$ cat input-v8.pdb   # PDB, C-alpha atoms
ATOM      1  CA  MET P   1     -28.009  -5.104  12.640  1.00  0.00           C
ATOM      2  CA  LYS P   2     -26.576  -1.589  12.662  1.00  0.00           C
ATOM      3  CA  VAL P   3     -26.594  -1.495  16.458  1.00  0.00           C
ATOM      4  CA  LEU P   4     -24.821  -4.849  16.607  1.00  0.00           C
ATOM      5  CA  TYR P   5     -22.247  -3.634  14.099  1.00  0.00           C
ATOM      6  CA  LYS P   6     -21.526  -0.501  16.137  1.00  0.00           C
ATOM      7  CA  VAL P   7     -21.241  -2.344  19.436  1.00  0.00           C
ATOM      8  CA  VAL P   8     -18.842  -4.981  18.080  1.00  0.00           C
ATOM      9  CA  ALA P   9     -16.806  -2.412  16.121  1.00  0.00           C
ATOM     10  CA  ILE P  10     -16.386  -0.203  19.187  1.00  0.00           C
ATOM     11  CA  VAL P  11     -15.478  -3.140  21.440  1.00  0.00           C
ATOM     12  CA  LEU P  12     -12.883  -4.421  18.967  1.00  0.00           C
ATOM     13  CA  ALA P  13     -11.339  -0.976  18.623  1.00  0.00           C
ATOM     14  CA  LEU P  14     -11.296  -0.110  22.322  1.00  0.00           C
ATOM     15  CA  ALA P  15      -9.792  -3.492  23.203  1.00  0.00           C
ATOM     16  CA  VAL P  16      -6.541  -2.321  21.576  1.00  0.00           C
ATOM     17  CA  ILE P  17      -5.858   0.078  24.469  1.00  0.00           C
ATOM     18  CA  PRO P  18      -5.948  -2.374  27.424  1.00  0.00           C
ATOM     19  CA  VAL P  19      -4.070  -4.918  25.316  1.00  0.00           C
ATOM     20  CA  ALA P  20      -1.307  -2.367  24.659  1.00  0.00           C
ATOM     21  CA  LEU P  21      -1.100  -1.415  28.341  1.00  0.00           C
ATOM     22  CA  PHE P  22      -1.606  -4.650  30.249  1.00  0.00           C
ATOM     23  CA  VAL P  23      -0.596  -7.546  27.975  1.00  0.00           C
ATOM     24  CA  PRO P  24       3.175  -8.326  27.823  1.00  0.00           C
ATOM     25  CA  PHE P  25       4.511  -5.728  25.403  1.00  0.00           C
ATOM     26  CA  VAL P  26       8.251  -6.225  25.196  1.00  0.00           C
ATOM     27  CA  LYS P  27      10.357  -9.386  25.545  1.00  0.00           C
ATOM     28  CA  LEU P  28      13.844  -8.986  26.978  1.00  0.00           C
ATOM     29  CA  VAL P  29      16.558 -11.612  27.423  1.00  0.00           C
ATOM     30  CA  VAL P  30      19.834 -10.469  28.994  1.00  0.00           C
ATOM     31  CA  THR P  31      22.775 -12.855  29.387  1.00  0.00           C
ATOM     32  CA  SER P  32      26.155 -12.663  31.076  1.00  0.00           C
ATOM     33  CA  LYS P  33      29.000 -15.161  30.817  1.00  0.00           C
ATOM     34  CA  ALA P  34      30.434 -13.648  33.979  1.00  0.00           C
ATOM     35  CA  ALA P  35      27.268 -14.331  35.952  1.00  0.00           C
ATOM     36  CA  SER P  36      27.318 -17.998  34.937  1.00  0.00           C
ATOM     37  CA  ILE P  37      30.424 -18.476  37.077  1.00  0.00           C
ATOM     38  CA  PHE P  38      28.386 -17.696  40.174  1.00  0.00           C
ATOM     39  CA  SER P  39      24.824 -18.717  39.297  1.00  0.00           C
ATOM     40  CA  GLY P  40      25.391 -21.609  36.884  1.00  0.00           C
ATOM     41  CA  SER P  41      23.370 -19.884  34.156  1.00  0.00           C
ATOM     42  CA  GLU P  42      24.268 -17.216  31.636  1.00  0.00           C
ATOM     43  CA  VAL P  43      20.725 -15.845  31.685  1.00  0.00           C
ATOM     44  CA  LEU P  44      20.409 -12.757  33.859  1.00  0.00           C
ATOM     45  CA  LEU P  45      16.910 -11.980  32.676  1.00  0.00           C
ATOM     46  CA  ASP P  46      14.294 -13.689  30.534  1.00  0.00           C
ATOM     47  CA  LYS P  47      11.013 -11.873  30.895  1.00  0.00           C
ATOM     48  CA  ALA P  48       8.187 -10.183  29.007  1.00  0.00           C
ATOM     49  CA  TYR P  49       7.039  -6.840  30.414  1.00  0.00           C
ATOM     50  CA  SER P  50       3.724  -5.075  29.975  1.00  0.00           C
ATOM     51  CA  LEU P  51       3.809  -1.284  29.781  1.00  0.00           C
ATOM     52  CA  SER P  52       1.880  -1.055  33.037  1.00  0.00           C
ATOM     53  CA  GLY P  53       4.351  -3.498  34.595  1.00  0.00           C
ATOM     54  CA  LEU P  54       7.315  -1.417  33.456  1.00  0.00           C
ATOM     55  CA  TYR P  55       5.738   1.679  34.941  1.00  0.00           C
ATOM     56  CA  GLU P  56       4.957  -0.033  38.248  1.00  0.00           C
ATOM     57  CA  SER P  57       8.390  -1.632  38.542  1.00  0.00           C
ATOM     58  CA  PHE P  58      10.697   1.135  37.366  1.00  0.00           C
ATOM     59  CA  LEU P  59       8.992   4.530  37.211  1.00  0.00           C
ATOM     60  CA  LYS P  60       6.533   4.403  40.113  1.00  0.00           C
ATOM     61  CA  GLY P  61       8.758   2.743  42.678  1.00  0.00           C
ATOM     62  CA  THR P  62       7.804   0.680  45.723  1.00  0.00           C
ATOM     63  CA  GLU P  63       8.653   0.605  49.415  1.00  0.00           C
ATOM     64  CA  GLY P  64      11.792  -1.413  48.823  1.00  0.00           C
ATOM     65  CA  LYS P  65      12.813   0.070  45.492  1.00  0.00           C
ATOM     66  CA  GLU P  66      13.467   3.629  44.414  1.00  0.00           C
ATOM     67  CA  PRO P  67      11.884   4.724  41.115  1.00  0.00           C
ATOM     68  CA  LEU P  68      14.209   4.920  38.150  1.00  0.00           C
ATOM     69  CA  ASP P  69      15.393   8.471  37.501  1.00  0.00           C
ATOM     70  CA  LEU P  70      14.444   8.519  33.836  1.00  0.00           C
ATOM     71  CA  LYS P  71      15.952  11.942  33.190  1.00  0.00           C
ATOM     72  CA  ALA P  72      19.298  10.930  34.692  1.00  0.00           C
ATOM     73  CA  PHE P  73      19.167   7.592  32.867  1.00  0.00           C
ATOM     74  CA  ILE P  74      18.710   9.298  29.489  1.00  0.00           C
ATOM     75  CA  ALA P  75      21.377  11.892  30.301  1.00  0.00           C
ATOM     76  CA  GLY P  76      23.824   9.091  31.094  1.00  0.00           C
ATOM     77  CA  ILE P  77      23.508   7.433  27.685  1.00  0.00           C
ATOM     78  CA  PRO P  78      26.537   8.210  25.483  1.00  0.00           C
ATOM     79  CA  GLU P  79      25.903  10.422  22.469  1.00  0.00           C
ATOM     80  CA  SER P  80      27.032   7.652  20.110  1.00  0.00           C
ATOM     81  CA  ALA P  81      24.316   5.370  21.483  1.00  0.00           C
ATOM     82  CA  LYS P  82      21.717   8.139  21.246  1.00  0.00           C
ATOM     83  CA  ASP P  83      22.673   8.700  17.605  1.00  0.00           C
ATOM     84  CA  ALA P  84      22.371   4.984  16.821  1.00  0.00           C
ATOM     85  CA  LEU P  85      19.110   4.390  18.685  1.00  0.00           C
ATOM     86  CA  GLY P  86      17.300   7.695  19.069  1.00  0.00           C
ATOM     87  CA  ALA P  87      15.673   8.161  15.656  1.00  0.00           C
ATOM     88  CA  ASN P  88      14.322   4.615  15.497  1.00  0.00           C
ATOM     89  CA  PHE P  89      12.998   4.774  19.058  1.00  0.00           C
ATOM     90  CA  ILE P  90      11.230   8.062  18.381  1.00  0.00           C
ATOM     91  CA  ALA P  91       9.725   6.575  15.206  1.00  0.00           C
ATOM     92  CA  PHE P  92       8.561   3.550  17.227  1.00  0.00           C
ATOM     93  CA  LEU P  93       6.893   5.836  19.772  1.00  0.00           C
ATOM     94  CA  ALA P  94       5.248   7.850  16.994  1.00  0.00           C
ATOM     95  CA  PHE P  95       3.761   4.738  15.376  1.00  0.00           C
ATOM     96  CA  PHE P  96       2.633   3.435  18.775  1.00  0.00           C
ATOM     97  CA  ILE P  97       0.847   6.689  19.611  1.00  0.00           C
ATOM     98  CA  LEU P  98      -0.738   6.808  16.151  1.00  0.00           C
ATOM     99  CA  ALA P  99      -1.964   3.207  16.578  1.00  0.00           C
ATOM    100  CA  LEU P 100      -3.705   4.241  19.804  1.00  0.00           C
ATOM    101  CA  LEU P 101      -5.081   7.461  18.323  1.00  0.00           C
ATOM    102  CA  ALA P 102      -6.556   5.404  15.488  1.00  0.00           C
ATOM    103  CA  VAL P 103      -8.686   3.652  18.119  1.00  0.00           C
ATOM    104  CA  ILE P 104     -10.268   6.954  19.168  1.00  0.00           C
ATOM    105  CA  ALA P 105     -10.823   7.935  15.545  1.00  0.00           C
ATOM    106  CA  ILE P 106     -12.513   4.588  14.787  1.00  0.00           C
ATOM    107  CA  VAL P 107     -14.868   4.907  17.771  1.00  0.00           C
ATOM    108  CA  VAL P 108     -15.865   8.452  16.762  1.00  0.00           C
ATOM    109  CA  LEU P 109     -16.414   7.448  13.132  1.00  0.00           C
ATOM    110  CA  VAL P 110     -18.481   4.397  14.099  1.00  0.00           C
ATOM    111  CA  LEU P 111     -20.733   6.619  16.203  1.00  0.00           C
ATOM    112  CA  VAL P 112     -21.176   9.543  13.811  1.00  0.00           C
ATOM    113  CA  CYS P 113     -20.302   8.386  10.296  1.00  0.00           C
ATOM    114  CA  LYS P 114     -22.913   6.638   8.153  1.00  0.00           C
ATOM    115  CA  LYS P 115     -20.490   5.693   5.364  1.00  0.00           C
ATOM    116  CA  LYS P 116     -18.076   2.960   6.328  1.00  0.00           C
ATOM    117  CA  LYS P 117     -15.383   3.849   3.813  1.00  0.00           C
ATOM    118  CA  ALA P 118     -13.808   6.283   6.281  1.00  0.00           C
ATOM    119  CA  ILE P 119     -13.924   3.629   9.021  1.00  0.00           C
ATOM    120  CA  LEU P 120     -12.207   1.127   6.722  1.00  0.00           C
ATOM    121  CA  ILE P 121      -9.488   3.654   5.861  1.00  0.00           C
ATOM    122  CA  VAL P 122      -8.765   4.579   9.486  1.00  0.00           C
ATOM    123  CA  THR P 123      -8.818   0.927  10.576  1.00  0.00           C
ATOM    124  CA  GLY P 124      -6.397   0.085   7.784  1.00  0.00           C
ATOM    125  CA  LEU P 125      -4.170   2.941   8.916  1.00  0.00           C
ATOM    126  CA  GLY P 126      -4.295   1.637  12.487  1.00  0.00           C
ATOM    127  CA  LEU P 127      -3.148  -1.742  11.219  1.00  0.00           C
ATOM    128  CA  LEU P 128      -0.307  -0.130   9.243  1.00  0.00           C
ATOM    129  CA  PHE P 129       0.714   1.968  12.260  1.00  0.00           C
ATOM    130  CA  THR P 130       0.896  -1.207  14.358  1.00  0.00           C
ATOM    131  CA  ILE P 131       3.072  -2.948  11.764  1.00  0.00           C
ATOM    132  CA  GLY P 132       5.237   0.172  11.494  1.00  0.00           C
ATOM    133  CA  MET P 133       5.591   0.188  15.282  1.00  0.00           C
ATOM    134  CA  ASN P 134       7.056  -3.314  15.178  1.00  0.00           C
ATOM    135  CA  ILE P 135       9.376  -2.517  12.275  1.00  0.00           C
ATOM    136  CA  MET P 136      10.816   0.528  14.016  1.00  0.00           C
ATOM    137  CA  PHE P 137      11.189  -1.299  17.329  1.00  0.00           C
ATOM    138  CA  ASN P 138      13.157  -4.045  15.580  1.00  0.00           C
ATOM    139  CA  ARG P 139      15.385  -1.407  13.997  1.00  0.00           C
ATOM    140  CA  PHE P 140      15.879   0.183  17.402  1.00  0.00           C
ATOM    141  CA  ALA P 141      16.693  -3.192  18.989  1.00  0.00           C
ATOM    142  CA  ALA P 142      19.041  -4.433  16.248  1.00  0.00           C
ATOM    143  CA  PRO P 143      22.180  -2.489  17.348  1.00  0.00           C
ATOM    144  CA  LEU P 144      21.631  -3.637  20.954  1.00  0.00           C
ATOM    145  CA  VAL P 145      21.172  -7.303  20.081  1.00  0.00           C
ATOM    146  CA  SER P 146      24.077  -7.323  17.619  1.00  0.00           C
ATOM    147  CA  GLY P 147      26.373  -5.592  20.105  1.00  0.00           C
ATOM    148  CA  ILE P 148      27.021  -2.551  17.911  1.00  0.00           C
ATOM    149  CA  VAL P 149      25.689  -0.563  20.864  1.00  0.00           C
ATOM    150  CA  PRO P 150      26.875  -2.414  24.014  1.00  0.00           C
ATOM    151  CA  VAL P 151      24.228  -2.922  26.672  1.00  0.00           C
ATOM    152  CA  THR P 152      26.718  -1.572  29.223  1.00  0.00           C
ATOM    153  CA  ASP P 153      26.399   1.809  27.502  1.00  0.00           C
ATOM    154  CA  LEU P 154      22.736   1.863  28.500  1.00  0.00           C
ATOM    155  CA  LEU P 155      22.392  -0.227  31.652  1.00  0.00           C
ATOM    156  CA  SER P 156      24.570   0.843  34.524  1.00  0.00           C
ATOM    157  CA  THR P 157      24.895  -1.511  37.483  1.00  0.00           C
ATOM    158  CA  GLU P 158      22.232   0.532  39.289  1.00  0.00           C
ATOM    159  CA  VAL P 159      19.751   0.272  36.406  1.00  0.00           C
ATOM    160  CA  LEU P 160      20.531  -3.386  35.691  1.00  0.00           C
ATOM    161  CA  SER P 161      19.946  -4.235  39.344  1.00  0.00           C
ATOM    162  CA  GLN P 162      16.330  -3.083  39.000  1.00  0.00           C
ATOM    163  CA  PHE P 163      15.824  -5.736  36.327  1.00  0.00           C
ATOM    164  CA  VAL P 164      17.785  -8.716  37.655  1.00  0.00           C
ATOM    165  CA  GLY P 165      18.633  -7.993  41.287  1.00  0.00           C
ATOM    166  CA  GLY P 166      21.594  -6.200  42.787  1.00  0.00           C
ATOM    167  CA  GLY P 167      23.850  -9.235  43.300  1.00  0.00           C
ATOM    168  CA  LEU P 168      24.005 -10.521  39.747  1.00  0.00           C
ATOM    169  CA  ALA P 169      24.070  -7.010  38.315  1.00  0.00           C
ATOM    170  CA  ALA P 170      27.001  -6.054  40.533  1.00  0.00           C
ATOM    171  CA  ILE P 171      28.893  -9.213  39.547  1.00  0.00           C
ATOM    172  CA  GLY P 172      28.329  -8.591  35.838  1.00  0.00           C
ATOM    173  CA  GLY P 173      29.166  -4.915  36.130  1.00  0.00           C
ATOM    174  CA  LEU P 174      32.276  -5.481  38.262  1.00  0.00           C
ATOM    175  CA  LEU P 175      33.777  -8.178  36.045  1.00  0.00           C
ATOM    176  CA  GLY P 176      32.886  -6.159  32.967  1.00  0.00           C
ATOM    177  CA  SER P 177      34.824  -3.199  34.383  1.00  0.00           C
ATOM    178  CA  LEU P 178      37.796  -5.271  35.503  1.00  0.00           C
ATOM    179  CA  LEU P 179      38.111  -7.237  32.288  1.00  0.00           C
ATOM    180  CA  GLY P 180      37.050  -4.440  29.977  1.00  0.00           C
ATOM    181  CA  GLY P 181      34.503  -6.700  28.352  1.00  0.00           C
ATOM    182  CA  THR P 182      31.384  -4.961  27.134  1.00  0.00           C
ATOM    183  CA  LYS P 183      30.329  -8.363  25.763  1.00  0.00           C
ATOM    184  CA  LEU P 184      30.114  -9.817  29.274  1.00  0.00           C
ATOM    185  CA  VAL P 185      26.568  -8.488  29.562  1.00  0.00           C
ATOM    186  CA  GLU P 186      24.580  -8.905  26.361  1.00  0.00           C
ATOM    187  CA  ILE P 187      21.037  -8.439  25.179  1.00  0.00           C
ATOM    188  CA  ARG P 188      20.235 -11.771  23.559  1.00  0.00           C
ATOM    189  CA  LEU P 189      16.674 -10.829  22.592  1.00  0.00           C
ATOM    190  CA  LEU P 190      14.733  -7.576  22.522  1.00  0.00           C
ATOM    191  CA  SER P 191      11.441  -7.595  20.646  1.00  0.00           C
ATOM    192  CA  LEU P 192       7.779  -6.746  20.914  1.00  0.00           C
ATOM    193  CA  SER P 193       5.812  -9.474  22.639  1.00  0.00           C
ATOM    194  CA  SER P 194       2.231 -10.772  22.595  1.00  0.00           C
ATOM    195  CA  ALA P 195       0.613  -7.323  22.900  1.00  0.00           C
ATOM    196  CA  TYR P 196       1.779  -6.573  19.357  1.00  0.00           C
ATOM    197  CA  ILE P 197       0.229  -9.798  18.048  1.00  0.00           C
ATOM    198  CA  PHE P 198      -3.071  -9.111  19.794  1.00  0.00           C
ATOM    199  CA  MET P 199      -3.121  -5.529  18.496  1.00  0.00           C
ATOM    200  CA  LEU P 200      -2.658  -6.874  14.966  1.00  0.00           C
ATOM    201  CA  ILE P 201      -5.461  -9.413  15.481  1.00  0.00           C
ATOM    202  CA  LEU P 202      -7.842  -6.772  16.818  1.00  0.00           C
ATOM    203  CA  TYR P 203      -7.183  -4.396  13.936  1.00  0.00           C
ATOM    204  CA  ILE P 204      -7.571  -7.188  11.387  1.00  0.00           C
ATOM    205  CA  ALA P 205     -10.795  -8.317  13.082  1.00  0.00           C
ATOM    206  CA  SER P 206     -12.085  -4.732  13.018  1.00  0.00           C
ATOM    207  CA  LEU P 207     -11.228  -4.421   9.347  1.00  0.00           C
ATOM    208  CA  VAL P 208     -12.928  -7.715   8.460  1.00  0.00           C
ATOM    209  CA  TRP P 209     -15.991  -6.869  10.581  1.00  0.00           C
ATOM    210  CA  THR P 210     -16.501  -3.476   8.935  1.00  0.00           C
ATOM    211  CA  LEU P 211     -15.821  -4.855   5.457  1.00  0.00           C
ATOM    212  CA  ALA P 212     -18.292  -7.704   5.978  1.00  0.00           C
ATOM    213  CA  HIS P 213     -20.976  -5.322   7.200  1.00  0.00           C
ATOM    214  CA  THR P 214     -20.290  -3.009   4.237  1.00  0.00           C
ATOM    215  CA  LEU P 215     -20.773  -5.892   1.799  1.00  0.00           C
ATOM    216  CA  ILE P 216     -24.019  -6.857   3.525  1.00  0.00           C
ATOM    217  CA  ASP P 217     -25.227  -3.262   3.188  1.00  0.00           C
ATOM    218  CA  TRP P 218     -24.411  -3.298  -0.530  1.00  0.00           C
ATOM    219  CA  GLU P 219     -26.690  -6.264  -0.987  1.00  0.00           C
TER     220      GLU P 219
END
$ encode --input "input-v8.pdb" --output "structure tokens"
Amino acid sequence: MKVLYKVVAIVLALAVIPVALFVPFVKLVVTSKAASIFSGSEVLLDKAYSLSGLYESFLKGTEGKEPLDLKAFIAGIPESAKDALGANFIAFLAFFILALLAVIAIVVLVLVCKKKKAILIVTGLGLLFTIGMNIMFNRFAAPLVSGIVPVTDLLSTEVLSQFVGGGLAAIGGLLGSLLGGTKLVEIRLLSLSSAYIFMLILYIASLVWTLAHTLIDWE
């Protein structure tokens, strides 16, 4: 019974890492009224990205696409946008990293700790870190979705073209410049996607599994 408990507890904990990396992590919907003139649809982009997919598409680069210069991208963001978004994004990253570190802590405790109270505490913390990650991401996304921070402050035509293709990005960027309309390209939706839900489920399952085995031990 103890061996079964350890195997299942470790599998549930470790599953958080591939889920976070390979399951769609962030959902992004970008619209443009300008683009609808040419394409018949306001939607420039409606896609969920995994973290591995974001890395492969934008940071690694391919034969036909240069990798995104992350340093130059960050440097190009206006200070007002950094002030509005920076703290919440850093908090999101901190909670995300803590949620992953909790996985390592759970595995170590399952292997070496006889008392399950510590495992329950760390698993509960992992669950709280995951919830905190979502809260801070929503706070980060809110100014972008509401338009307080215009998407054009963050996504230049060059960057936007990596998401939606050069043609539509150029159209949206050109008309936005000519008409002075930062609202011509908007983020309609920016939120965590299914990876967050699966991370929650795995942490809850881990918590229930350890709690159930603790109650059985008490008997």
$ resolve_selection --input "input-v8.pdb" --expression "the PyMOL selection byres ((chain P and resi 101) around 12)" --output "list in words"
Ala13, Leu14, Val16, Ile17, Ala94, Phe95, Phe96, Ile97, Leu98, Ala99, Leu100, Ala102, Val103, Ile104, Ala105, Ile106, Val107, Val108, Val122, Thr123, Leu125, Gly126, Leu127, Phe129 and Thr130 of chain P
$ residues_around --input "input-v8.pdb" --residues "Leu21 in chain P" --least-positions-apart "4" --cutoff "7 Å" --atoms "all atoms listed in the file" --output "count of residues only"
4
$ closest_residue --input "input-v8.pdb" --among "P:Tyr55, P:Asn138, P:Leu111, P:Lys116" --to "Val7 in chain P" --atoms "only C-alpha atoms"
P:Leu111
$ atom_distance --input "input-v8.pdb" --atom1 "CA of Lys71 in chain P" --atom2 "CA of Lys47 in chain P"
24.4 Å
$ resolve_selection --input "input-v8.pdb" --expression "the PyMOL selection byres ((chain P and resi 197) around 12)" --output "ChimeraX atom specification"
/P:16,19-20,23-26,127,130-131,133-134,191-196,198-204
$ write_last_selection --input "input-v8.pdb" --atoms "C-alpha atoms" --output "PDB file, in the frame of the given file"
ATOM      1  CA  VAL P  16      -6.541  -2.321  21.576  1.00  0.00           C
ATOM      2  CA  VAL P  19      -4.070  -4.918  25.316  1.00  0.00           C
ATOM      3  CA  ALA P  20      -1.307  -2.367  24.659  1.00  0.00           C
ATOM      4  CA  VAL P  23      -0.596  -7.546  27.975  1.00  0.00           C
ATOM      5  CA  PRO P  24       3.175  -8.326  27.823  1.00  0.00           C
ATOM      6  CA  PHE P  25       4.511  -5.728  25.403  1.00  0.00           C
ATOM      7  CA  VAL P  26       8.251  -6.225  25.196  1.00  0.00           C
ATOM      8  CA  LEU P 127      -3.148  -1.742  11.219  1.00  0.00           C
ATOM      9  CA  THR P 130       0.896  -1.207  14.358  1.00  0.00           C
ATOM     10  CA  ILE P 131       3.072  -2.948  11.764  1.00  0.00           C
ATOM     11  CA  MET P 133       5.591   0.188  15.282  1.00  0.00           C
ATOM     12  CA  ASN P 134       7.056  -3.314  15.178  1.00  0.00           C
ATOM     13  CA  SER P 191      11.441  -7.595  20.646  1.00  0.00           C
ATOM     14  CA  LEU P 192       7.779  -6.746  20.914  1.00  0.00           C
ATOM     15  CA  SER P 193       5.812  -9.474  22.639  1.00  0.00           C
ATOM     16  CA  SER P 194       2.231 -10.772  22.595  1.00  0.00           C
ATOM     17  CA  ALA P 195       0.613  -7.323  22.900  1.00  0.00           C
ATOM     18  CA  TYR P 196       1.779  -6.573  19.357  1.00  0.00           C
ATOM     19  CA  PHE P 198      -3.071  -9.111  19.794  1.00  0.00           C
ATOM     20  CA  MET P 199      -3.121  -5.529  18.496  1.00  0.00           C
ATOM     21  CA  LEU P 200      -2.658  -6.874  14.966  1.00  0.00           C
ATOM     22  CA  ILE P 201      -5.461  -9.413  15.481  1.00  0.00           C
ATOM     23  CA  LEU P 202      -7.842  -6.772  16.818  1.00  0.00           C
ATOM     24  CA  TYR P 203      -7.183  -4.396  13.936  1.00  0.00           C
ATOM     25  CA  ILE P 204      -7.571  -7.188  11.387  1.00  0.00           C
TER      26      ILE P 204
END
$ closest_residue --input "input-v8.pdb" --among "P:Ala205, P:Ile10, P:Leu144, P:Val29" --to "Leu45 in chain P" --atoms "only C-alpha atoms"
P:Val29
$ residues_around --input "input-v8.pdb" --residues "range 209-215 of chain P" --least-positions-apart "5" --cutoff "10 Å" --atoms "only C-alpha atoms" --output "PyMOL selection string"
chain P and resi 1-2+5-6+8-9+12+110+115-117+119-120+123+203-204
$ atom_distance --input "input-v8.pdb" --atom1 "CA of Val145 in chain P" --atom2 "CA of Leu28 in chain P"
10.2 Å
$ closest_residue --input "input-v8.pdb" --among "P:Ala91, P:Val11, P:Ile187, P:Leu59" --to "Ile148 in chain P" --atoms "all atoms listed in the file"
P:Ile187
$ axis_aligned_box --input "input-v8.pdb" --around "range 80-98 of chain P" --padding-each-side "3 Å" --output "JSON"
{"center_x": 13.1, "center_y": 6.1, "center_z": 18.3, "size_x": 33.8, "size_y": 11.3, "size_z": 12.3}
$ closest_residue --input "input-v8.pdb" --among "P:Glu79, P:Glu42, P:Glu56, P:Glu186" --to "Gly147 in chain P" --atoms "only C-alpha atoms"
P:Glu186
$ atom_distance --input "input-v8.pdb" --atom1 "CA of Asp46 in chain P" --atom2 "CA of Phe22 in chain P"
18.3 Å
$ build_atoms --input "input-v8.pdb" --residues "range 20-36 of chain P" --atoms "N, CA and C atoms" --output "PDB file, in the coordinates of the input"
ATOM      1  N   ALA P  20      -2.596  -3.056  24.752  1.00  0.00           N
ATOM      2  CA  ALA P  20      -1.307  -2.367  24.659  1.00  0.00           C
ATOM      3  C   ALA P  20      -0.720  -2.072  26.037  1.00  0.00           C
ATOM      4  N   LEU P  21      -1.573  -1.823  27.019  1.00  0.00           N
ATOM      5  CA  LEU P  21      -1.100  -1.415  28.341  1.00  0.00           C
ATOM      6  C   LEU P  21      -0.825  -2.581  29.289  1.00  0.00           C
ATOM      7  N   PHE P  22      -1.651  -3.629  29.203  1.00  0.00           N
ATOM      8  CA  PHE P  22      -1.606  -4.650  30.249  1.00  0.00           C
ATOM      9  C   PHE P  22      -1.132  -6.029  29.792  1.00  0.00           C
ATOM     10  N   VAL P  23      -1.116  -6.275  28.491  1.00  0.00           N
ATOM     11  CA  VAL P  23      -0.596  -7.546  27.975  1.00  0.00           C
ATOM     12  C   VAL P  23       0.916  -7.382  27.781  1.00  0.00           C
ATOM     13  N   PRO P  24       1.717  -8.440  28.026  1.00  0.00           N
ATOM     14  CA  PRO P  24       3.175  -8.326  27.823  1.00  0.00           C
ATOM     15  C   PRO P  24       3.524  -7.672  26.490  1.00  0.00           C
ATOM     16  N   PHE P  25       4.269  -6.570  26.577  1.00  0.00           N
ATOM     17  CA  PHE P  25       4.511  -5.728  25.403  1.00  0.00           C
ATOM     18  C   PHE P  25       5.901  -5.924  24.814  1.00  0.00           C
ATOM     19  N   VAL P  26       6.877  -6.099  25.686  1.00  0.00           N
ATOM     20  CA  VAL P  26       8.251  -6.225  25.196  1.00  0.00           C
ATOM     21  C   VAL P  26       8.920  -7.426  25.865  1.00  0.00           C
ATOM     22  N   LYS P  27       9.635  -8.205  25.068  1.00  0.00           N
ATOM     23  CA  LYS P  27      10.357  -9.386  25.545  1.00  0.00           C
ATOM     24  C   LYS P  27      11.838  -9.050  25.609  1.00  0.00           C
ATOM     25  N   LEU P  28      12.441  -9.326  26.769  1.00  0.00           N
ATOM     26  CA  LEU P  28      13.844  -8.986  26.978  1.00  0.00           C
ATOM     27  C   LEU P  28      14.586 -10.184  27.563  1.00  0.00           C
ATOM     28  N   VAL P  29      15.676 -10.563  26.911  1.00  0.00           N
ATOM     29  CA  VAL P  29      16.558 -11.612  27.423  1.00  0.00           C
ATOM     30  C   VAL P  29      17.960 -11.025  27.524  1.00  0.00           C
ATOM     31  N   VAL P  30      18.492 -10.990  28.739  1.00  0.00           N
ATOM     32  CA  VAL P  30      19.834 -10.469  28.994  1.00  0.00           C
ATOM     33  C   VAL P  30      20.693 -11.611  29.524  1.00  0.00           C
ATOM     34  N   THR P  31      21.879 -11.775  28.957  1.00  0.00           N
ATOM     35  CA  THR P  31      22.775 -12.855  29.387  1.00  0.00           C
ATOM     36  C   THR P  31      24.112 -12.280  29.828  1.00  0.00           C
ATOM     37  N   SER P  32      24.821 -13.060  30.627  1.00  0.00           N
ATOM     38  CA  SER P  32      26.155 -12.663  31.076  1.00  0.00           C
ATOM     39  C   SER P  32      26.995 -13.909  31.314  1.00  0.00           C
ATOM     40  N   LYS P  33      28.092 -14.038  30.600  1.00  0.00           N
ATOM     41  CA  LYS P  33      29.000 -15.161  30.817  1.00  0.00           C
ATOM     42  C   LYS P  33      29.647 -15.068  32.190  1.00  0.00           C
ATOM     43  N   ALA P  34      29.844 -13.835  32.659  1.00  0.00           N
ATOM     44  CA  ALA P  34      30.434 -13.648  33.979  1.00  0.00           C
ATOM     45  C   ALA P  34      29.514 -14.177  35.068  1.00  0.00           C
ATOM     46  N   ALA P  35      28.225 -13.906  34.924  1.00  0.00           N
ATOM     47  CA  ALA P  35      27.268 -14.331  35.952  1.00  0.00           C
ATOM     48  C   ALA P  35      27.175 -15.843  36.041  1.00  0.00           C
ATOM     49  N   SER P  36      27.431 -16.536  34.934  1.00  0.00           N
ATOM     50  CA  SER P  36      27.318 -17.998  34.937  1.00  0.00           C
ATOM     51  C   SER P  36      28.325 -18.648  35.876  1.00  0.00           C
TER      52      SER P  36
END
